[in-house]
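Peer 1: Got a structure for you, questions after.
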Amino acid sequence: MKQSTPRQRRRRIFWTGVAFALPWIIGFLAFTVYPFFGSLYFSFTSYDLFSPPQWIGLDNYQAIASDPNFYKALRNTFYMAFIAMPIGLVASLLIALLLNLKVRGITFYRTLYYVPAVIPIVASAILWTWLLNPDYGLINICLRALGLSDPAWLLDPHYTKPSLILMGLWGSGAGALIFLAALQGIPQQYYEAASIDGAAWYRRIWHITLPGLSPILLFQFLMGLIGAMQIFTESFILGGGANSGTMGGPDQSLFFYAIYLYQNAFIYLKMGYASALAWILFVIVVLLTLLVLRTSARWVYYGGD
């Protein structure tokens with residue numbers, strides 16, 4: 001029997017690997033690459049899903065530039081990205097610092113804080129609609145018992161975004177878990193040396209903990225920023241569901257960018273306009289990411305630095 005040459009064996013191994021990877025390759029091309037470039041093409045067309053797309057050039061982008069709903073949605077989304085997201089990031093870090101303490105039952109506390117992160121977002125949103133109910137919600141019952149004012153959380157436009165912040169804080173255990181893993185990777189001799197030198201606890205956090213966590217802070221900030229710019233499910237459920245008349249909450253205070261994109265694509269069937277909105281969001285997210293990465297050299301410290 002003729003033996004195969006090394007070149008033939010390498011070729012056979014290569015094509016065997018391609019055969020195993022083929023399902024993923026097909027899925028990537030069909031569900032990522034094609035929609036990516038397809039949406040770019042549709043953004044220059046008038047397309048309603050039922051008739052062939054008609055090329056209209058930059059008309060969609062010109063219409064967006066003069067669309068007041070676009071700026072309202074963008075403003076609400078920026079609120080979540082630059083106010084709500086940093087609050088959640090700080091909360092995750094503080095929780096991680098507490099969970100890093102060596103106290104009895106710490107495993108139970110770590111599990112307790114992480115449990116909300118594994119609950120599906122839809123179930124969490126429905127749960128919070130009950131908790132924030134102005135009449136019989138648990139939060140307002142506790143506030144009334146303490147003699148404090150009980151706001152109409154999801155009915156008052158001044159409190160709708162704080163409601164989302166509360167909901168986000170409840171699920172901050174996932175971020176805390178990542179911070180906790182990073183905290184346990186900081187060498188303890190740094191803290192011991194600082195204690196010998198008489199450094200206070202806050203100085204140890206500022207000069208040891210935060211620099212040691214800075215790569216994880218960068219990662220968490222970028223992931224949180226990208227997620228906040230695409231916030232949808234919480235607003236969709238808390239702000240009125242698929243009813244286009246109430247979607248976005250009272251006074252459109254929960255009218256986020258992804259909600260406006262969803263409206264145009266699946267309620268008004270303006271798929272070309274929605275594709276243009278999606279590409280504008282993509283460009284904004286890329287620019288913000290590049291800006292953060294550009295400035296990260298000033299405050300992110302790696303092991304070799």
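Please note that chains go A, B, ... in the order of the structure tokens, that every chain numbers its residues from 1, and that ligands are numbered from 1 in the order shown.
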Show which residues sit within 8 Å of region 225-232 of chain A, as a list in words. Count only C-alpha atoms, and ignore same-chain residues fewer than 6 positions away.
Peer 2: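 The residues satisfying every condition are Thr77, Phe78, Met80, Ala81, Phe82, Met85, Phe256, Tyr257, Ala258, Ile259, Leu281 and Val285 of chain A.
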Peer 1: Could you please take those selected residues and save C-alpha atoms as a compact mmCIF listing (two decimals), in the first residue's frame?
Peer 2:
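After the write, part-v5.txt holds the following:
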# COMPACT_ATOMS: atom_id res chain seq x y z
CA THR A 77 -29.12 56.79 25.12
CA PHE A 78 -26.17 59.02 26.03
CA MET A 80 -27.57 55.69 30.02
CA ALA A 81 -24.06 55.44 28.54
CA PHE A 82 -22.39 58.28 30.45
CA MET A 85 -23.34 52.97 33.16
CA PHE A 256 -33.71 55.00 23.42
CA TYR A 257 -31.89 54.64 20.11
CA ALA A 258 -32.56 50.90 19.77
CA ILE A 259 -36.26 51.50 20.46
CA LEU A 281 -25.04 53.88 15.77
CA VAL A 285 -19.88 53.25 19.00
Peer 1: Could you build a table of the residues in region 228-305 of chain A lying no more than 8 Å from region 105-126 of chain A, giving for each the nearest pair of atoms and their separation in Å rounded to one decimal place, using only C-alpha atoms, ordered by chain and ascending residue number, as CSV?
Peer 2:
residue,atom,partner,partner_atom,distance
A:Thr233,CA,A:Val122,CA,7.0
A:Glu234,CA,A:Ala125,CA,5.8
A:Ile237,CA,A:Ala125,CA,6.5
A:Leu238,CA,A:Ala125,CA,6.7
Peer 1: Those same residues, written as a compact mmCIF listing (two decimals), in the first residue's frame with N, CA and C atoms?
Peer 2:
# COMPACT_ATOMS: atom_id res chain seq x y z
N THR A 233 -34.15 45.96 25.78
CA THR A 233 -35.14 45.10 26.40
C THR A 233 -35.80 45.77 27.60
N GLU A 234 -35.00 46.37 28.49
CA GLU A 234 -35.56 46.98 29.68
C GLU A 234 -36.55 48.08 29.32
N ILE A 237 -39.91 46.69 27.71
CA ILE A 237 -40.88 46.12 28.64
C ILE A 237 -41.41 47.17 29.61
N LEU A 238 -40.51 47.94 30.21
CA LEU A 238 -40.93 48.94 31.19
C LEU A 238 -41.59 50.14 30.54
Peer 1: Please report the interatomic distance between CA of Ile208 (chain A) and CA of Ser195 (chain A) in Å with one decimal.
Peer 2: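 CA of Ser195 (chain A) lies 11.5 Å from CA of Ile208 (chain A).
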Peer 1: Rounded to one decimal, what separation in Å do you get between CA of Pro187 (chain A) and CA of Gly212 (chain A)?
Peer 2: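 Computing the Euclidean distance for CA of Pro187 (chain A) and CA of Gly212 (chain A) yields 9.2 Å.
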Peer 1: Identify all residues of region 83-158 of chain A in alpha helix (DSSP H) (DSSP on the backbone) and supply them as a ChimeraX atom specification.
Peer 2: /A:85-99,106-114,121-131,138-145
Peer 1: If DSSP is run on the backbone, what residues of region 43-272 of chain A are strand (DSSP E)? A reply as a list in words would be ideal.
Peer 2: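 Everything in region 43-272 of chain A that counts as strand (DSSP E) is Thr45, Ser46, Gln54 and Trp55 of chain A.
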Peer 1: Could you save the residues just selected, with N, CA and C atoms, as a PDB file, in the first residue's frame?
Peer 2:
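The result, stored in part.pdb:
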ATOM      1  N   THR A  45     -31.342  52.636   0.451  1.00  0.00           N
ATOM      2  CA  THR A  45     -32.532  52.291  -0.322  1.00  0.00           C
ATOM      3  C   THR A  45     -33.794  52.612   0.464  1.00  0.00           C
ATOM      4  N   SER A  46     -34.920  52.577  -0.236  1.00  0.00           N
ATOM      5  CA  SER A  46     -36.239  52.601   0.384  1.00  0.00           C
ATOM      6  C   SER A  46     -36.767  51.180   0.326  1.00  0.00           C
ATOM      7  N   GLN A  54     -35.505  50.081  -3.396  1.00  0.00           N
ATOM      8  CA  GLN A  54     -35.272  51.088  -4.426  1.00  0.00           C
ATOM      9  C   GLN A  54     -34.140  52.014  -3.964  1.00  0.00           C
ATOM     10  N   TRP A  55     -33.146  52.168  -4.821  1.00  0.00           N
ATOM     11  CA  TRP A  55     -31.978  52.977  -4.490  1.00  0.00           C
ATOM     12  C   TRP A  55     -32.366  54.454  -4.388  1.00  0.00           C
TER      13      TRP A  55
END
Peer 1: Give the answer as one residue: which of A:Lys270, A:Lys72, A:Arg9, A:Arg204 has the shortest atom-to-atom distance to Leu254 (chain A), using only C-alpha atoms?
Peer 2: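 For Leu254 (chain A), the nearest of the candidates is A:Lys72.
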Peer 1: Rounded to one decimal place, report the CA of Ala63 (chain A)-CA of Ala276 (chain A) distance in Å.
Peer 2: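 Rounded to one decimal, the two atoms are 10.0 Å apart.
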Peer 1: Of the candidates A:Ser149, A:Ser275, A:Asn133, A:Gln3, which shows the shortest atom-to-atom distance to Pro35 (chain A), using only C-alpha atoms?
Peer 2: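 Among A:Ser149, A:Ser275, A:Asn133, A:Gln3, it is A:Ser275 that comes nearest to Pro35 (chain A).
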Peer 1: May I have the residues within 12 Å of Gln62 (chain A) as JSON, numbers by chain, using only C-alpha atoms and disregarding those fewer than 3 positions away in the same chain?
Peer 2: {"A": [43, 44, 56, 57, 58, 59, 65, 66, 67, 70, 273, 276, 277, 280]}
Peer 1: Could the residues in this selection be saved with all heavy atoms as a tab-separated table (two decimals), in the first residue's frame?
Peer 2:
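Written file, out.tsv:
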chain	number	residue	atom	x	y	z
A	43	SER	N	-29.34	50.68	3.66
A	43	SER	CA	-29.36	52.03	4.20
A	43	SER	C	-29.40	53.10	3.11
A	43	SER	O	-29.72	54.25	3.38
A	43	SER	CB	-28.14	52.27	5.10
A	43	SER	OG	-26.94	52.32	4.35
A	44	PHE	N	-29.09	52.69	1.89
A	44	PHE	CA	-29.15	53.62	0.75
A	44	PHE	C	-30.38	53.37	-0.11
A	44	PHE	O	-30.45	53.83	-1.24
A	44	PHE	CB	-27.89	53.49	-0.12
A	44	PHE	CG	-26.62	53.85	0.60
A	44	PHE	CD1	-25.77	52.86	1.06
A	44	PHE	CD2	-26.29	55.18	0.83
A	44	PHE	CE1	-24.59	53.18	1.72
A	44	PHE	CE2	-25.11	55.52	1.48
A	44	PHE	CZ	-24.26	54.51	1.94
A	56	ILE	N	-32.05	55.08	-3.24
A	56	ILE	CA	-32.34	56.51	-3.04
A	56	ILE	C	-31.11	57.28	-2.58
A	56	ILE	O	-31.21	58.45	-2.20
A	56	ILE	CB	-33.48	56.71	-2.03
A	56	ILE	CG1	-33.12	56.07	-0.69
A	56	ILE	CG2	-34.79	56.13	-2.57
A	56	ILE	CD1	-34.14	56.37	0.40
A	57	GLY	N	-29.96	56.63	-2.59
A	57	GLY	CA	-28.73	57.32	-2.23
A	57	GLY	C	-28.69	57.71	-0.77
A	57	GLY	O	-28.98	56.91	0.12
A	58	LEU	N	-28.35	58.98	-0.51
A	58	LEU	CA	-28.16	59.47	0.86
A	58	LEU	C	-29.44	60.05	1.47
A	58	LEU	O	-29.36	60.71	2.51
A	58	LEU	CB	-27.06	60.53	0.87
A	58	LEU	CG	-25.65	60.05	0.49
A	58	LEU	CD1	-24.70	61.24	0.41
A	58	LEU	CD2	-25.14	59.02	1.49
A	59	ASP	N	-30.58	59.79	0.87
A	59	ASP	CA	-31.82	60.40	1.36
A	59	ASP	C	-32.13	59.99	2.80
A	59	ASP	O	-32.61	60.81	3.59
A	59	ASP	CB	-32.98	60.02	0.45
A	59	ASP	CG	-32.93	60.75	-0.89
A	59	ASP	OD1	-31.98	61.54	-1.10
A	59	ASP	OD2	-33.82	60.52	-1.73
A	65	ALA	N	-30.75	63.45	9.69
A	65	ALA	CA	-30.11	64.68	10.17
A	65	ALA	C	-31.13	65.72	10.61
A	65	ALA	O	-30.82	66.56	11.46
A	65	ALA	CB	-29.20	65.25	9.09
A	66	SER	N	-32.33	65.68	10.06
A	66	SER	CA	-33.38	66.65	10.42
A	66	SER	C	-34.51	66.00	11.21
A	66	SER	O	-35.60	66.59	11.32
A	66	SER	CB	-33.93	67.31	9.16
A	66	SER	OG	-34.47	66.34	8.26
A	67	ASP	N	-34.29	64.82	11.75
A	67	ASP	CA	-35.32	64.08	12.47
A	67	ASP	C	-35.19	64.38	13.96
A	67	ASP	O	-34.21	63.97	14.61
A	67	ASP	CB	-35.15	62.58	12.22
A	67	ASP	CG	-36.26	61.76	12.84
A	67	ASP	OD1	-37.09	62.33	13.57
A	67	ASP	OD2	-36.30	60.54	12.59
A	70	PHE	N	-34.63	61.34	16.28
A	70	PHE	CA	-33.26	60.81	16.29
A	70	PHE	C	-32.45	61.45	17.41
A	70	PHE	O	-31.77	60.75	18.18
A	70	PHE	CB	-32.60	61.06	14.94
A	70	PHE	CG	-31.10	60.90	14.94
A	70	PHE	CD1	-30.53	59.64	14.97
A	70	PHE	CD2	-30.27	62.01	14.92
A	70	PHE	CE1	-29.15	59.48	14.97
A	70	PHE	CE2	-28.89	61.86	14.92
A	70	PHE	CZ	-28.33	60.60	14.95
A	273	TYR	N	-34.52	53.04	6.29
A	273	TYR	CA	-34.27	54.10	7.29
A	273	TYR	C	-33.67	53.49	8.55
A	273	TYR	O	-32.73	54.05	9.13
A	273	TYR	CB	-35.59	54.79	7.60
A	273	TYR	CG	-35.45	56.11	8.32
A	273	TYR	CD1	-35.18	57.28	7.61
A	273	TYR	CD2	-35.63	56.20	9.69
A	273	TYR	CE1	-35.07	58.50	8.26
A	273	TYR	CE2	-35.52	57.40	10.35
A	273	TYR	CZ	-35.25	58.55	9.63
A	273	TYR	OH	-35.13	59.76	10.29
A	276	ALA	N	-30.03	52.70	8.06
A	276	ALA	CA	-29.20	53.90	8.17
A	276	ALA	C	-29.00	54.27	9.64
A	276	ALA	O	-27.89	54.66	10.04
A	276	ALA	CB	-29.87	55.05	7.41
A	277	LEU	N	-30.05	54.15	10.45
A	277	LEU	CA	-29.92	54.40	11.88
A	277	LEU	C	-28.91	53.44	12.51
A	277	LEU	O	-28.09	53.85	13.35
A	277	LEU	CB	-31.27	54.25	12.57
A	277	LEU	CG	-32.30	55.36	12.37
A	277	LEU	CD1	-33.65	54.94	12.93
A	277	LEU	CD2	-31.84	56.66	13.03
A	280	ILE	N	-25.36	54.51	11.65
A	280	ILE	CA	-24.95	55.69	12.41
A	280	ILE	C	-24.57	55.28	13.84
A	280	ILE	O	-23.56	55.74	14.39
A	280	ILE	CB	-26.07	56.74	12.42
A	280	ILE	CG1	-26.22	57.33	11.02
A	280	ILE	CG2	-25.78	57.85	13.42
A	280	ILE	CD1	-27.38	58.29	10.88
Peer 1: Find the spatial neighbours of Asn140 (chain A), counting only C-alpha atoms, within a cut-off of 10 Å - ignore same-chain residues fewer than 6 positions away - and output them as a tab-separated table (two decimals) with all heavy atoms, in the first residue's frame.
Peer 2:
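The result, written out as out-v5.tsv:
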chain	number	residue	atom	x	y	z
A	131	LEU	N	-42.09	45.55	41.36
A	131	LEU	CA	-41.41	46.20	42.48
A	131	LEU	C	-41.59	47.71	42.45
A	131	LEU	O	-41.67	48.36	43.50
A	131	LEU	CB	-39.92	45.86	42.45
A	131	LEU	CG	-39.54	44.40	42.76
A	131	LEU	CD1	-38.04	44.19	42.54
A	131	LEU	CD2	-39.91	44.04	44.19
A	132	LEU	N	-41.65	48.29	41.24
A	132	LEU	CA	-41.73	49.74	41.10
A	132	LEU	C	-43.15	50.25	40.93
A	132	LEU	O	-43.34	51.43	40.65
A	132	LEU	CB	-40.89	50.17	39.89
A	132	LEU	CG	-39.38	49.92	40.00
A	132	LEU	CD1	-38.70	50.16	38.66
A	132	LEU	CD2	-38.76	50.81	41.07
A	133	ASN	N	-44.13	49.37	41.09
A	133	ASN	CA	-45.51	49.82	40.99
A	133	ASN	C	-45.78	50.89	42.05
A	133	ASN	O	-45.46	50.69	43.23
A	133	ASN	CB	-46.46	48.64	41.18
A	133	ASN	CG	-47.90	49.02	40.94
A	133	ASN	OD1	-48.55	49.60	41.80
A	133	ASN	ND2	-48.41	48.70	39.76
A	134	PRO	N	-46.35	52.04	41.68
A	134	PRO	CA	-46.52	53.13	42.65
A	134	PRO	C	-47.52	52.82	43.75
A	134	PRO	O	-47.45	53.45	44.83
A	134	PRO	CB	-47.00	54.30	41.78
A	134	PRO	CG	-47.58	53.66	40.56
A	134	PRO	CD	-46.79	52.42	40.33
A	146	LEU	N	-41.03	54.13	55.93
A	146	LEU	CA	-39.97	54.98	56.49
A	146	LEU	C	-40.36	56.45	56.53
A	146	LEU	O	-39.56	57.30	56.94
A	146	LEU	CB	-38.68	54.82	55.68
A	146	LEU	CG	-38.04	53.42	55.71
A	146	LEU	CD1	-36.88	53.34	54.72
A	146	LEU	CD2	-37.56	53.08	57.12
A	148	LEU	N	-41.00	58.33	53.89
A	148	LEU	CA	-40.43	59.03	52.75
A	148	LEU	C	-41.45	59.10	51.63
A	148	LEU	O	-42.44	58.38	51.62
A	148	LEU	CB	-39.16	58.30	52.27
A	148	LEU	CG	-38.04	58.14	53.30
A	148	LEU	CD1	-36.91	57.30	52.74
A	148	LEU	CD2	-37.51	59.51	53.75
A	149	SER	N	-41.18	59.99	50.68
A	149	SER	CA	-42.08	60.13	49.54
A	149	SER	C	-41.98	58.90	48.65
A	149	SER	O	-40.91	58.28	48.54
A	149	SER	CB	-41.74	61.38	48.73
A	149	SER	OG	-40.41	61.30	48.24
A	150	ASP	N	-43.08	58.54	48.03
A	150	ASP	CA	-43.11	57.35	47.17
A	150	ASP	C	-43.41	57.78	45.74
A	150	ASP	O	-44.56	58.01	45.38
A	150	ASP	CB	-44.16	56.35	47.67
A	150	ASP	CG	-45.50	57.01	47.92
A	150	ASP	OD1	-45.56	58.25	47.95
A	150	ASP	OD2	-46.50	56.28	48.04
A	151	PRO	N	-42.38	57.92	44.93
A	151	PRO	CA	-42.58	58.41	43.55
A	151	PRO	C	-43.29	57.39	42.67
A	151	PRO	O	-43.27	56.19	42.92
A	151	PRO	CB	-41.14	58.64	43.06
A	151	PRO	CG	-40.31	57.72	43.88
A	151	PRO	CD	-40.96	57.65	45.21
A	152	ALA	N	-43.92	57.89	41.64
A	152	ALA	CA	-44.54	57.03	40.62
A	152	ALA	C	-43.47	56.65	39.61
A	152	ALA	O	-43.37	57.22	38.53
A	152	ALA	CB	-45.70	57.75	39.95
A	153	TRP	N	-42.67	55.67	39.94
A	153	TRP	CA	-41.43	55.37	39.25
A	153	TRP	C	-41.57	55.33	37.73
A	153	TRP	O	-40.91	56.09	37.02
A	153	TRP	CB	-40.88	54.04	39.74
A	153	TRP	CG	-40.43	54.07	41.16
A	153	TRP	CD1	-41.13	53.64	42.25
A	153	TRP	CD2	-39.18	54.57	41.66
A	153	TRP	NE1	-40.41	53.84	43.40
A	153	TRP	CE2	-39.20	54.40	43.08
A	153	TRP	CE3	-38.06	55.12	41.08
A	153	TRP	CZ2	-38.15	54.77	43.89
A	153	TRP	CZ3	-37.00	55.50	41.89
A	153	TRP	CH2	-37.05	55.32	43.27
Peer 1: May I have the residues within 9 Å of Leu288 (chain A) as a list in words, using only C-alpha atoms and disregarding those fewer than 4 positions away in the same chain?
Peer 2: Leu222, Leu225, Ile226, Val283, Ile284, Val292 and Leu293 of chain A
